[in-house]
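Worksheet: the structure to be examined is printed underneath.
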Amino acid sequence: MPDLAFRVLGALQLEISNQVPKERIRGIQLHCQIHIETARRHYTDTERDRLRALFGEPELWRQSLRSMFWANITLEVPGFTGSTIVDLPIPCTERREYFDVLEPGDVPLILFFSGTVFYETPAGALQVAPIPWSSEARFLLPMEVRA
């Protein structure tokens with residue numbers, strides 16, 4: 001059974017690796033949920049002033065600054081052995097109220113993966129297995145990419 005690992009290589013590129021050597025992946029129906037980890041970013045005084053409308057007073061951010069849902073993406077990943085790289089089309093039109101007040105820097109993201117993997121056994125039989133939501137990857141999105 002496949003043991004998939006996910007790594008964001010750069011903005012909009014995802015590496016998927018099967019940790020089981022020589023096992024042939026026939027295809028993946030991949031679901032990806034992206035969240036902005038707002039509490040992991042350091043904010044300037046100017047950004048704090050601008051973000052009051054979203055998160056309240058900065059003194060309360062310990063309670064109000066939570067992970068912010070950004071997008072759901074579904075991909076059809078073609079077959080591979082070992083690893084593959086696919087484009088991850090992140091819609092940069094959502095969450096403008098957050099992005100528009102930020103100064104240059106990185107935006108911490110966490111990506112959660114689930115879906116279905118179709119793979120071949122050593123005997124050549126086609127098998128199907130779920131990808132658990134516990135599959136995840138973190139990435140620092142450079143602000144210039146989302147513009």
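Every chain in the structure tokens takes a letter, A first, then B, and so on in the order presented; its residues are numbered from 1, and the ligands are numbered from 1 following the presented order.
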Which residues of range 66-119 of chain A come within 7 Å of range 39-43 of chain A, and what is each one's closest atom pair and distance in Å (one decimal), counting only C-alpha atoms, sorted by chain and residue number, as JSON lines?
```
{"residue": "A:Arg66", "atom": "CA", "partner": "A:Ala39", "partner_atom": "CA", "distance": 6.3}
{"residue": "A:Val107", "atom": "CA", "partner": "A:Arg41", "partner_atom": "CA", "distance": 6.6}
{"residue": "A:Pro108", "atom": "CA", "partner": "A:Arg40", "partner_atom": "CA", "distance": 6.3}
```
TODO: Return as a VMD selection string the full set of residues in range 11-109 of chain A whose backbone-based DSSP assignment is strand (DSSP E).
DONE: chain A and resid 13 to 18 24 to 36 68 to 81 83 to 87 106 to 109
Using N, CA and C atoms, can you export the residues from the last selection as a short mmCIF file (atom, residue, chain, number, x, y, z; two decimals), in the first residue's frame?
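Listed below is the output, part_31.cif:
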```cif
data_model
loop_
_atom_site.label_atom_id
_atom_site.label_comp_id
_atom_site.auth_asym_id
_atom_site.auth_seq_id
_atom_site.Cartn_x
_atom_site.Cartn_y
_atom_site.Cartn_z
N GLN A 13 3.88 24.58 -6.86
CA GLN A 13 4.40 23.28 -7.24
C GLN A 13 4.43 22.35 -6.04
N LEU A 14 3.96 21.12 -6.26
CA LEU A 14 3.84 20.13 -5.21
C LEU A 14 4.57 18.86 -5.63
N GLU A 15 5.43 18.37 -4.75
CA GLU A 15 6.08 17.08 -4.99
C GLU A 15 5.34 16.02 -4.18
N ILE A 16 5.00 14.94 -4.85
CA ILE A 16 4.35 13.80 -4.19
C ILE A 16 5.29 12.62 -4.34
N SER A 17 5.66 12.01 -3.21
CA SER A 17 6.58 10.88 -3.21
C SER A 17 5.91 9.68 -2.57
N ASN A 18 6.13 8.52 -3.18
CA ASN A 18 5.69 7.27 -2.58
C ASN A 18 6.89 6.65 -1.88
N ARG A 24 4.11 1.11 -8.25
CA ARG A 24 3.58 1.95 -9.33
C ARG A 24 2.27 2.59 -8.90
N ILE A 25 2.25 3.92 -8.89
CA ILE A 25 1.02 4.66 -8.65
C ILE A 25 0.36 4.86 -10.02
N ARG A 26 -0.87 4.44 -10.15
CA ARG A 26 -1.58 4.56 -11.44
C ARG A 26 -2.25 5.91 -11.58
N GLY A 27 -2.58 6.55 -10.46
CA GLY A 27 -3.20 7.87 -10.48
C GLY A 27 -3.69 8.23 -9.09
N ILE A 28 -3.93 9.53 -8.89
CA ILE A 28 -4.41 10.01 -7.59
C ILE A 28 -5.51 11.03 -7.84
N GLN A 29 -6.61 10.86 -7.13
CA GLN A 29 -7.64 11.89 -7.03
C GLN A 29 -7.30 12.61 -5.73
N LEU A 30 -6.69 13.80 -5.84
CA LEU A 30 -6.15 14.49 -4.68
C LEU A 30 -6.99 15.69 -4.30
N HIS A 31 -7.32 15.78 -3.02
CA HIS A 31 -8.01 16.94 -2.47
C HIS A 31 -7.02 17.66 -1.56
N CYS A 32 -6.96 18.96 -1.70
CA CYS A 32 -6.04 19.77 -0.90
C CYS A 32 -6.81 20.94 -0.30
N GLN A 33 -6.70 21.08 1.00
CA GLN A 33 -7.31 22.21 1.71
C GLN A 33 -6.17 23.08 2.23
N ILE A 34 -6.20 24.36 1.89
CA ILE A 34 -5.11 25.27 2.25
C ILE A 34 -5.60 26.25 3.31
N HIS A 35 -4.80 26.40 4.35
CA HIS A 35 -5.08 27.35 5.43
C HIS A 35 -3.89 28.29 5.58
N ILE A 36 -4.18 29.53 5.91
CA ILE A 36 -3.15 30.51 6.24
C ILE A 36 -2.92 30.43 7.75
N MET A 68 -6.61 30.42 9.12
CA MET A 68 -7.67 30.97 8.27
C MET A 68 -7.79 30.12 7.00
N PHE A 69 -8.97 29.56 6.78
CA PHE A 69 -9.20 28.78 5.56
C PHE A 69 -8.97 29.65 4.34
N TRP A 70 -8.28 29.09 3.32
CA TRP A 70 -8.04 29.84 2.09
C TRP A 70 -8.71 29.19 0.90
N ALA A 71 -8.47 27.88 0.67
CA ALA A 71 -8.98 27.29 -0.57
C ALA A 71 -9.08 25.78 -0.47
N ASN A 72 -9.98 25.22 -1.26
CA ASN A 72 -10.07 23.79 -1.53
C ASN A 72 -9.70 23.57 -2.99
N ILE A 73 -8.82 22.62 -3.24
CA ILE A 73 -8.39 22.33 -4.60
C ILE A 73 -8.49 20.82 -4.82
N THR A 74 -8.94 20.43 -6.00
CA THR A 74 -8.97 19.02 -6.38
C THR A 74 -8.12 18.85 -7.63
N LEU A 75 -7.26 17.84 -7.60
CA LEU A 75 -6.36 17.57 -8.72
C LEU A 75 -6.44 16.12 -9.15
N GLU A 76 -6.28 15.89 -10.43
CA GLU A 76 -6.09 14.55 -10.97
C GLU A 76 -4.59 14.40 -11.21
N VAL A 77 -3.93 13.56 -10.44
CA VAL A 77 -2.48 13.37 -10.57
C VAL A 77 -2.24 12.12 -11.42
N PRO A 78 -1.49 12.27 -12.51
CA PRO A 78 -1.21 11.10 -13.35
C PRO A 78 -0.29 10.10 -12.66
N GLY A 79 -0.21 8.90 -13.22
CA GLY A 79 0.60 7.83 -12.64
C GLY A 79 2.08 8.16 -12.58
N PHE A 80 2.78 7.50 -11.64
CA PHE A 80 4.22 7.68 -11.47
C PHE A 80 4.78 6.56 -10.61
N THR A 81 6.08 6.44 -10.63
CA THR A 81 6.81 5.56 -9.73
C THR A 81 7.84 6.43 -9.02
N SER A 83 8.43 9.44 -7.40
CA SER A 83 7.85 10.75 -7.08
C SER A 83 7.47 11.48 -8.35
N THR A 84 6.68 12.51 -8.18
CA THR A 84 6.25 13.35 -9.29
C THR A 84 6.07 14.77 -8.79
N ILE A 85 6.07 15.70 -9.71
CA ILE A 85 5.82 17.10 -9.39
C ILE A 85 4.61 17.56 -10.19
N VAL A 86 3.66 18.19 -9.50
CA VAL A 86 2.46 18.69 -10.16
C VAL A 86 2.25 20.15 -9.80
N ASP A 87 1.57 20.86 -10.68
CA ASP A 87 1.20 22.24 -10.39
C ASP A 87 0.03 22.26 -9.43
N ASP A 106 6.78 36.67 3.90
CA ASP A 106 6.19 35.37 3.61
C ASP A 106 4.90 35.17 4.39
N VAL A 107 4.00 34.41 3.79
CA VAL A 107 2.74 34.04 4.44
C VAL A 107 2.81 32.54 4.74
N PRO A 108 2.77 32.15 6.02
CA PRO A 108 2.84 30.73 6.37
C PRO A 108 1.55 30.01 6.00
N LEU A 109 1.70 28.91 5.26
CA LEU A 109 0.55 28.10 4.85
C LEU A 109 0.70 26.69 5.40
#
```
Open item on the list: Report as number ranges by chain all protein, DNA and RNA residues lying within 12 Å of Trp61 in chain A, evaluated on only C-alpha atoms, omitting residues in the same chain fewer than 2 positions from it.
Closed with: A: 38-40, 43, 48, 51-59, 63-67
May I have the selected residues written with C-alpha atoms, as a PDB file, in the first residue's frame?
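That gives us part-v5.pdb:
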```pdb
ATOM      1  CA  THR A  38      -1.888  33.706  10.648  1.00  0.00           C
ATOM      2  CA  ALA A  39      -0.301  33.226  14.081  1.00  0.00           C
ATOM      3  CA  ARG A  40       3.023  32.095  12.561  1.00  0.00           C
ATOM      4  CA  TYR A  43       3.411  41.525  11.929  1.00  0.00           C
ATOM      5  CA  ARG A  48      -1.280  45.280  13.249  1.00  0.00           C
ATOM      6  CA  LEU A  51      -5.549  43.898  10.784  1.00  0.00           C
ATOM      7  CA  ARG A  52      -7.696  45.171  13.678  1.00  0.00           C
ATOM      8  CA  ALA A  53     -10.817  44.871  11.512  1.00  0.00           C
ATOM      9  CA  LEU A  54     -10.139  41.155  10.970  1.00  0.00           C
ATOM     10  CA  PHE A  55      -8.727  40.036  14.315  1.00  0.00           C
ATOM     11  CA  GLY A  56      -9.581  42.724  16.866  1.00  0.00           C
ATOM     12  CA  GLU A  57      -7.070  44.460  19.109  1.00  0.00           C
ATOM     13  CA  PRO A  58      -3.536  42.980  18.954  1.00  0.00           C
ATOM     14  CA  GLU A  59      -3.609  42.351  22.715  1.00  0.00           C
ATOM     15  CA  GLN A  63      -7.294  34.150  21.305  1.00  0.00           C
ATOM     16  CA  SER A  64      -8.475  35.616  17.977  1.00  0.00           C
ATOM     17  CA  LEU A  65      -5.553  34.899  15.637  1.00  0.00           C
ATOM     18  CA  ARG A  66      -6.396  31.460  14.269  1.00  0.00           C
ATOM     19  CA  SER A  67      -5.665  29.469  11.157  1.00  0.00           C
TER      20      SER A  67
END
```
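Put simply, CA of Pro89 in chain A is 14.9 Å away from CA of Arg7 in chain A.
Comparing A:Glu37, A:Glu120, A:Asp100, A:Asp49 by their smallest distance to Pro2 in chain A, the closest is A:Glu120 (using only C-alpha atoms).
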Task: Shell around Gln19 in chain A at 7 Å using only C-alpha atoms, local window under 2 positions removed, as a PyMOL selection string - done: chain A and resi 3-4+17+21
The selected residues should be written to file as a PDB file, in the first residue's frame (atoms: N, CA and C atoms).
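File produced: out14.pdb:
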```pdb
ATOM      1  N   ASP A   3       2.659   4.802   0.633  1.00  0.00           N
ATOM      2  CA  ASP A   3       2.910   5.674   1.768  1.00  0.00           C
ATOM      3  C   ASP A   3       3.357   7.004   1.163  1.00  0.00           C
ATOM      4  N   LEU A   4       2.391   7.916   0.967  1.00  0.00           N
ATOM      5  CA  LEU A   4       2.663   9.153   0.246  1.00  0.00           C
ATOM      6  C   LEU A   4       3.155  10.261   1.171  1.00  0.00           C
ATOM      7  N   SER A  17       5.655  12.009  -3.209  1.00  0.00           N
ATOM      8  CA  SER A  17       6.582  10.882  -3.208  1.00  0.00           C
ATOM      9  C   SER A  17       5.913   9.679  -2.573  1.00  0.00           C
ATOM     10  N   PRO A  21       9.279   1.665  -2.228  1.00  0.00           N
ATOM     11  CA  PRO A  21      10.110   1.590  -3.432  1.00  0.00           C
ATOM     12  C   PRO A  21       9.471   0.761  -4.549  1.00  0.00           C
TER      13      PRO A  21
END
```
- [ ] Could you tell me how far CA of Cys92 in chain A lies from CA of Ile110 in chain A, in Å and to one decimal?
- [x] 15.5 Å
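Nearest residue to Tyr98 in chain A among A:Leu141, A:Val117, A:Glu47, A:Ser135 is A:Glu47, counting only C-alpha atoms.
Running DSSP on the backbone and keeping only helix (DSSP H, G or I), the residues of range 10-70 of chain A that qualify are Thr38, Ala39, Arg40, Asp45, Thr46, Glu47, Arg48, Asp49, Arg50, Arg52, Ala53, Leu54, Phe55, Pro58, Glu59, Leu60, Trp61, Arg62, Gln63 and Ser64 of chain A.
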Task: Selection near Thr121 in chain A, 8 Å with only C-alpha atoms, sequence-local residues under 2 positions removed, as a PyMOL selection string - done: chain A and resi 1+23-24+119+123-127
Atoms to include: N, CA and C atoms. Write the selected residues as a short mmCIF file (atom, residue, chain, number, x, y, z; two decimals), in the first residue's frame.
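What landed in result.cif:
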```
data_model
loop_
_atom_site.label_atom_id
_atom_site.label_comp_id
_atom_site.auth_asym_id
_atom_site.auth_seq_id
_atom_site.Cartn_x
_atom_site.Cartn_y
_atom_site.Cartn_z
N MET A 1 0.84 -1.17 0.00
CA MET A 1 0.00 0.00 0.00
C MET A 1 0.89 1.24 0.00
N GLU A 23 6.88 0.79 -6.19
CA GLU A 23 5.43 0.59 -6.30
C GLU A 23 4.88 1.59 -7.32
N ARG A 24 4.11 1.11 -8.25
CA ARG A 24 3.58 1.95 -9.33
C ARG A 24 2.27 2.59 -8.90
N TYR A 119 -3.23 2.25 -7.21
CA TYR A 119 -1.87 1.73 -7.33
C TYR A 119 -1.88 0.28 -7.78
N ALA A 123 2.06 -7.98 -8.09
CA ALA A 123 1.50 -8.97 -9.01
C ALA A 123 0.75 -8.32 -10.17
N GLY A 124 0.63 -6.97 -10.14
CA GLY A 124 -0.03 -6.27 -11.24
C GLY A 124 -1.51 -5.97 -11.03
N ALA A 125 -2.05 -6.30 -9.86
CA ALA A 125 -3.47 -6.04 -9.59
C ALA A 125 -3.67 -4.57 -9.22
N LEU A 126 -4.75 -3.99 -9.70
CA LEU A 126 -5.09 -2.60 -9.37
C LEU A 126 -5.75 -2.55 -7.99
N GLN A 127 -5.27 -1.64 -7.14
CA GLN A 127 -5.81 -1.47 -5.80
C GLN A 127 -6.17 -0.01 -5.59
#
```
